[in-house]
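Source file: start33.csv. Holds: CSV, C-alpha atoms.
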```csv
chain,number,residue,atom,x,y,z
K,2,MET,CA,0.0,0.0,0.0
K,3,ASP,CA,1.4,3.4,-0.9
K,4,LYS,CA,1.9,6.2,1.6
K,5,ALA,CA,-1.1,8.3,0.4
K,6,ARG,CA,-3.5,5.4,0.7
K,7,MET,CA,-2.2,4.5,4.2
K,8,THR,CA,-2.7,8.1,5.3
K,9,SER,CA,-6.3,8.1,3.9
K,10,PHE,CA,-7.1,4.7,5.5
K,11,GLY,CA,-5.6,5.9,8.8
K,12,PHE,CA,-7.7,9.1,8.8
K,13,LEU,CA,-10.9,7.2,8.0
K,14,ALA,CA,-10.2,4.7,10.7
K,15,LEU,CA,-9.6,7.5,13.2
K,16,LEU,CA,-12.8,9.3,12.1
K,17,ALA,CA,-14.9,6.2,12.4
K,18,PHE,CA,-13.5,5.5,15.9
K,19,SER,CA,-14.2,9.0,17.1
K,20,ILE,CA,-17.7,9.1,15.7
K,21,GLY,CA,-18.5,5.8,17.3
K,22,SER,CA,-17.3,6.9,20.7
K,23,TYR,CA,-19.1,10.2,20.5
K,24,ALA,CA,-22.4,8.4,19.6
K,25,ALA,CA,-21.9,6.0,22.6
K,26,THR,CA,-21.4,8.9,25.1
K,27,ARG,CA,-24.5,10.7,23.8
K,28,SER,CA,-26.8,7.8,24.3
K,29,THR,CA,-26.1,7.3,28.0
K,30,PRO,CA,-29.3,7.6,30.0
K,31,VAL,CA,-29.3,10.1,32.9
K,32,THR,CA,-31.6,10.1,35.9
K,33,VAL,CA,-32.3,13.4,37.7
K,34,VAL,CA,-33.6,13.3,41.3
K,35,ASN,CA,-35.4,16.5,42.3
K,36,THR,CA,-35.8,16.5,46.0
K,37,ASP,CA,-37.3,19.3,48.2
K,38,GLY,CA,-34.0,19.6,50.1
K,39,GLU,CA,-31.8,20.0,47.1
K,40,PRO,CA,-34.0,21.0,44.1
K,41,VAL,CA,-32.6,21.0,40.6
K,42,PRO,CA,-32.6,24.6,39.3
K,43,VAL,CA,-34.9,25.1,36.4
K,44,ALA,CA,-34.8,28.1,34.1
K,45,ALA,CA,-38.0,29.6,32.8
K,46,ILE,CA,-38.5,29.2,29.1
K,47,ASP,CA,-39.0,32.2,26.9
K,48,ALA,CA,-42.8,32.6,26.9
K,49,SER,CA,-42.8,35.4,24.5
K,50,ALA,CA,-44.7,35.2,21.2
K,51,PRO,CA,-43.6,36.7,17.9
K,52,VAL,CA,-45.7,39.5,16.4
K,53,ASN,CA,-45.8,40.8,12.8
K,54,ALA,CA,-48.2,43.6,12.0
K,55,CYS,CA,-48.6,45.8,8.9
K,56,ALA,CA,-50.7,48.9,8.0
K,57,ILE,CA,-51.1,51.2,5.0
K,58,LEU,CA,-50.5,54.9,5.9
K,59,GLY,CA,-50.8,58.0,3.8
K,60,PRO,CA,-53.1,60.6,2.2
K,61,PHE,CA,-55.4,58.0,0.7
K,62,SER,CA,-55.8,55.9,3.8
K,63,GLY,CA,-56.1,58.6,6.5
K,64,ALA,CA,-53.5,60.4,8.6
K,65,GLU,CA,-53.2,57.8,11.3
K,66,GLN,CA,-53.9,54.1,11.2
K,67,LEU,CA,-54.1,51.3,13.8
K,68,ILE,CA,-51.1,49.0,13.3
K,69,TYR,CA,-51.6,46.6,16.3
K,70,SER,CA,-53.7,46.2,19.4
K,71,VAL,CA,-51.8,44.8,22.3
K,72,PRO,CA,-53.7,42.0,24.2
K,73,PRO,CA,-54.7,43.0,27.7
K,74,ASP,CA,-52.5,40.3,29.4
K,75,MET,CA,-49.4,41.0,27.3
K,76,ALA,CA,-46.8,43.7,26.8
K,77,LEU,CA,-45.2,44.4,23.4
K,78,ALA,CA,-41.6,45.1,22.5
K,79,ILE,CA,-41.2,46.3,18.9
K,80,GLU,CA,-37.8,45.2,17.7
K,81,TYR,CA,-37.8,45.9,13.9
K,82,GLY,CA,-39.7,47.8,11.3
K,83,ALA,CA,-39.8,48.5,7.6
K,84,ILE,CA,-41.5,51.1,5.5
K,85,ASP,CA,-42.2,50.9,1.9
K,86,PRO,CA,-43.8,53.6,-0.3
K,87,VAL,CA,-46.3,52.0,-2.6
K,88,ASP,CA,-45.0,54.1,-5.5
K,89,THR,CA,-41.5,55.3,-6.5
K,90,LEU,CA,-40.4,58.6,-4.9
K,91,ASP,CA,-39.2,61.3,-7.2
K,92,GLU,CA,-36.1,63.5,-6.4
K,93,GLY,CA,-36.9,65.8,-3.4
K,94,GLU,CA,-39.8,63.7,-2.2
K,95,PHE,CA,-39.7,62.0,1.2
K,96,VAL,CA,-41.9,60.0,3.5
K,97,GLN,CA,-41.4,59.9,7.3
K,98,VAL,CA,-43.2,57.5,9.5
K,99,GLN,CA,-44.1,57.8,13.2
K,100,ILE,CA,-45.3,55.3,15.7
K,101,THR,CA,-47.3,56.2,18.8
K,102,THR,CA,-47.4,53.8,21.7
K,103,THR,CA,-48.1,53.9,25.5
K,104,ALA,CA,-45.5,52.4,27.8
K,105,GLY,CA,-45.4,52.8,31.5
K,106,GLY,CA,-48.7,54.8,31.2
K,107,VAL,CA,-46.9,57.5,29.1
K,108,GLU,CA,-47.7,58.1,25.5
K,109,GLY,CA,-44.7,58.4,23.2
K,110,VAL,CA,-44.4,59.4,19.6
K,111,PHE,CA,-41.4,58.0,17.8
K,112,PHE,CA,-40.3,59.1,14.3
K,113,VAL,CA,-38.9,55.8,13.2
K,114,GLY,CA,-38.3,55.7,9.5
K,115,LYS,CA,-37.6,57.9,6.5
K,116,VAL,CA,-37.5,57.2,2.8
K,117,SER,CA,-36.0,59.7,0.4
K,118,GLY,CA,-35.2,58.6,-3.1
K,119,SER,CA,-33.7,55.2,-2.8
K,120,GLU,CA,-32.4,55.8,0.8
K,121,PHE,CA,-34.2,54.2,3.7
K,122,THR,CA,-33.6,54.4,7.4
K,123,PHE,CA,-35.4,52.8,10.3
K,124,GLY,CA,-34.4,53.9,13.8
K,125,ARG,CA,-33.2,57.2,15.1
K,126,ASP,CA,-30.0,58.9,14.1
K,127,GLY,CA,-28.7,55.5,12.8
K,128,ARG,CA,-29.6,53.7,16.1
K,129,VAL,CA,-32.0,50.8,16.2
K,130,LEU,CA,-34.9,51.5,18.5
K,131,LYS,CA,-36.8,49.1,20.7
K,132,ILE,CA,-40.2,50.5,21.4
K,133,TYR,CA,-42.6,49.2,24.1
K,134,ALA,CA,-46.3,49.1,24.4
K,135,ASP,CA,-48.4,48.5,27.5
K,136,PRO,CA,-51.0,45.7,27.8
K,137,GLY,CA,-54.4,46.7,26.3
K,138,THR,CA,-53.0,49.7,24.3
K,139,ASP,CA,-52.8,50.4,20.6
K,140,VAL,CA,-49.8,50.9,18.3
K,141,VAL,CA,-50.7,53.7,15.9
K,142,GLY,CA,-48.8,54.8,12.8
K,143,GLY,CA,-48.8,58.2,11.1
K,144,VAL,CA,-46.9,59.5,8.1
K,145,GLY,CA,-45.3,62.8,7.1
K,146,ILE,CA,-45.1,63.4,3.4
K,147,ARG,CA,-43.4,66.0,1.2
K,148,GLY,CA,-44.3,66.0,-2.5
K,149,TYR,CA,-45.2,62.3,-2.5
K,150,LEU,CA,-48.9,61.5,-3.1
K,151,GLY,CA,-49.0,57.8,-2.5
K,152,ASP,CA,-49.5,55.5,0.4
K,153,VAL,CA,-46.8,53.9,2.5
K,154,GLU,CA,-46.8,50.4,4.0
K,155,ILE,CA,-45.3,50.0,7.5
K,156,CYS,CA,-44.5,46.6,9.0
K,157,LEU,CA,-43.4,46.0,12.5
K,158,SER,CA,-42.1,42.9,14.2
K,159,GLY,CA,-41.5,42.2,17.9
K,160,ARG,CA,-42.4,40.0,20.8
K,161,LEU,CA,-45.3,39.8,23.2
K,162,SER,CA,-44.5,38.9,26.8
K,163,PRO,CA,-47.0,37.9,29.5
K,164,VAL,CA,-47.5,40.4,32.3
K,165,ASP,CA,-47.9,39.4,36.0
```
Will you turn the file into structure tokens for me?
Amino acid sequence: MDKARMTSFGFLALLAFSIGSYAATRSTPVTVVNTDGEPVPVAAIDASAPVNACAILGPFSGAEQLIYSVPPDMALAIEYGAIDPVDTLDEGEFVQVQITTTAGGVEGVFFVGKVSGSEFTFGRDGRVLKIYADPGTDVVGGVGIRGYLGDVEICLSGRLSPVD
């Protein structure tokens, strides 16, 4: 047998041996005893639920539109958003979107996105925002437009978390 074949054979034999021993260690049963005196610590699972919501904003759909109603037993954290003009913007035209929520009992208005020409931003001064909404409140979107006469779609995504 030449040196190249011996090296290949040796590598394959080593690989087969290591895979076999890894599989054997993974199939070993484990018994956990959870006594009152020494309980096994248990971490809570993430009970949050994903949310995706969209609305059409603009001069043909009304100044403000409901984007999402937060359920009464959940709180919402908005983590991402996107805005998309229905039509192409011409030079000098822009669309700016705002979101209004209530968090901690205080209403907040967030100017969250701007489209100008082919340039799009979502956030504030280049920073990504995380926006919160209290249980039982509404997330409302509004739009500021210069020169553009079309509607704008806004989509938000985030997570609902149960409140105590």
Write out as a PyMOL selection string the residues lying within 6 Å of range 84-89 of chain K, counting only C-alpha atoms and excluding same-chain residues fewer than 2 positions away.
-> chain K and resi 152-155
Just want the 12 Å neighbourhood of range 135-137 of chain K, counted on all atoms listed in the file, with same-chain residues fewer than 3 positions away dropped. Output as an mmCIF file with C-alpha atoms, in the frame of the given file.
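Written output follows (out.cif):
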```cif
data_model
loop_
_atom_site.group_PDB
_atom_site.id
_atom_site.type_symbol
_atom_site.label_atom_id
_atom_site.label_comp_id
_atom_site.auth_asym_id
_atom_site.auth_seq_id
_atom_site.Cartn_x
_atom_site.Cartn_y
_atom_site.Cartn_z
ATOM 1 C CA TYR K 69 -51.600 46.600 16.300
ATOM 2 C CA SER K 70 -53.700 46.200 19.400
ATOM 3 C CA VAL K 71 -51.800 44.800 22.300
ATOM 4 C CA PRO K 72 -53.700 42.000 24.200
ATOM 5 C CA PRO K 73 -54.700 43.000 27.700
ATOM 6 C CA ASP K 74 -52.500 40.300 29.400
ATOM 7 C CA MET K 75 -49.400 41.000 27.300
ATOM 8 C CA ALA K 76 -46.800 43.700 26.800
ATOM 9 C CA LEU K 77 -45.200 44.400 23.400
ATOM 10 C CA ALA K 78 -41.600 45.100 22.500
ATOM 11 C CA ILE K 79 -41.200 46.300 18.900
ATOM 12 C CA THR K 101 -47.300 56.200 18.800
ATOM 13 C CA THR K 102 -47.400 53.800 21.700
ATOM 14 C CA THR K 103 -48.100 53.900 25.500
ATOM 15 C CA ALA K 104 -45.500 52.400 27.800
ATOM 16 C CA GLY K 105 -45.400 52.800 31.500
ATOM 17 C CA GLY K 106 -48.700 54.800 31.200
ATOM 18 C CA VAL K 107 -46.900 57.500 29.100
ATOM 19 C CA GLU K 108 -47.700 58.100 25.500
ATOM 20 C CA GLY K 109 -44.700 58.400 23.200
ATOM 21 C CA ILE K 132 -40.200 50.500 21.400
ATOM 22 C CA VAL K 140 -49.800 50.900 18.300
ATOM 23 C CA LEU K 161 -45.300 39.800 23.200
ATOM 24 C CA SER K 162 -44.500 38.900 26.800
ATOM 25 C CA PRO K 163 -47.000 37.900 29.500
ATOM 26 C CA VAL K 164 -47.500 40.400 32.300
ATOM 27 C CA ASP K 165 -47.900 39.400 36.000
#
```
Between K:Val31, K:Leu58, K:Val110, K:Val98, which is the closest to Ala134 in chain K once you count only C-alpha atoms?
->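 Counting only C-alpha atoms, the residue closest to Ala134 in chain K is K:Val110.
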Please provide as a ChimeraX atom specification all residues within 8 Å of Asn53 in chain K, with the sequence filter that same-chain residues fewer than 3 positions apart are discarded (counting all atoms listed in the file).
-> /K:156-159
How would the residues just picked look written out with C-alpha atoms as an mmCIF file, in the coordinates of the input?
```
data_model
loop_
_atom_site.group_PDB
_atom_site.id
_atom_site.type_symbol
_atom_site.label_atom_id
_atom_site.label_comp_id
_atom_site.auth_asym_id
_atom_site.auth_seq_id
_atom_site.Cartn_x
_atom_site.Cartn_y
_atom_site.Cartn_z
ATOM 1 C CA CYS K 156 -44.500 46.600 9.000
ATOM 2 C CA LEU K 157 -43.400 46.000 12.500
ATOM 3 C CA SER K 158 -42.100 42.900 14.200
ATOM 4 C CA GLY K 159 -41.500 42.200 17.900
#
```
Show which residues sit within 10 Å of Gln66 in chain K, as a list in words. Count only C-alpha atoms, and ignore same-chain residues fewer than 6 positions away.
-> Ala56, Ile57, Leu58, Gly59, Ile100, Val140, Val141, Gly142, Gly143 and Val144 of chain K
Nearest-residue call for Leu90 in chain K, choices K:Val41, K:Ile68, K:Leu150, K:Ala54, using all atoms listed in the file =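 Counting all atoms listed in the file, the residue closest to Leu90 in chain K is K:Leu150.
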Separation of CA of Tyr133 in chain K from CA of Gly145 in chain K in Å =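 A separation of 21.9 Å between them.
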What is the CA of Ala83 in chain K-CA of Ser49 in chain K distance in Å, reported with one decimal?
-> 21.6 Å
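You can rank K:Val116, K:Leu130, K:Asp37, K:Glu65 by their closest distance to Gln99 in chain K using all atoms listed in the file, and at the top of that list sits K:Glu65.
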Kindly indicate which residue among K:Gly114, K:Lys131, K:Val33, K:Phe95 lies nearest to Arg160 in chain K, using all atoms listed in the file for the distances.
-> K:Lys131
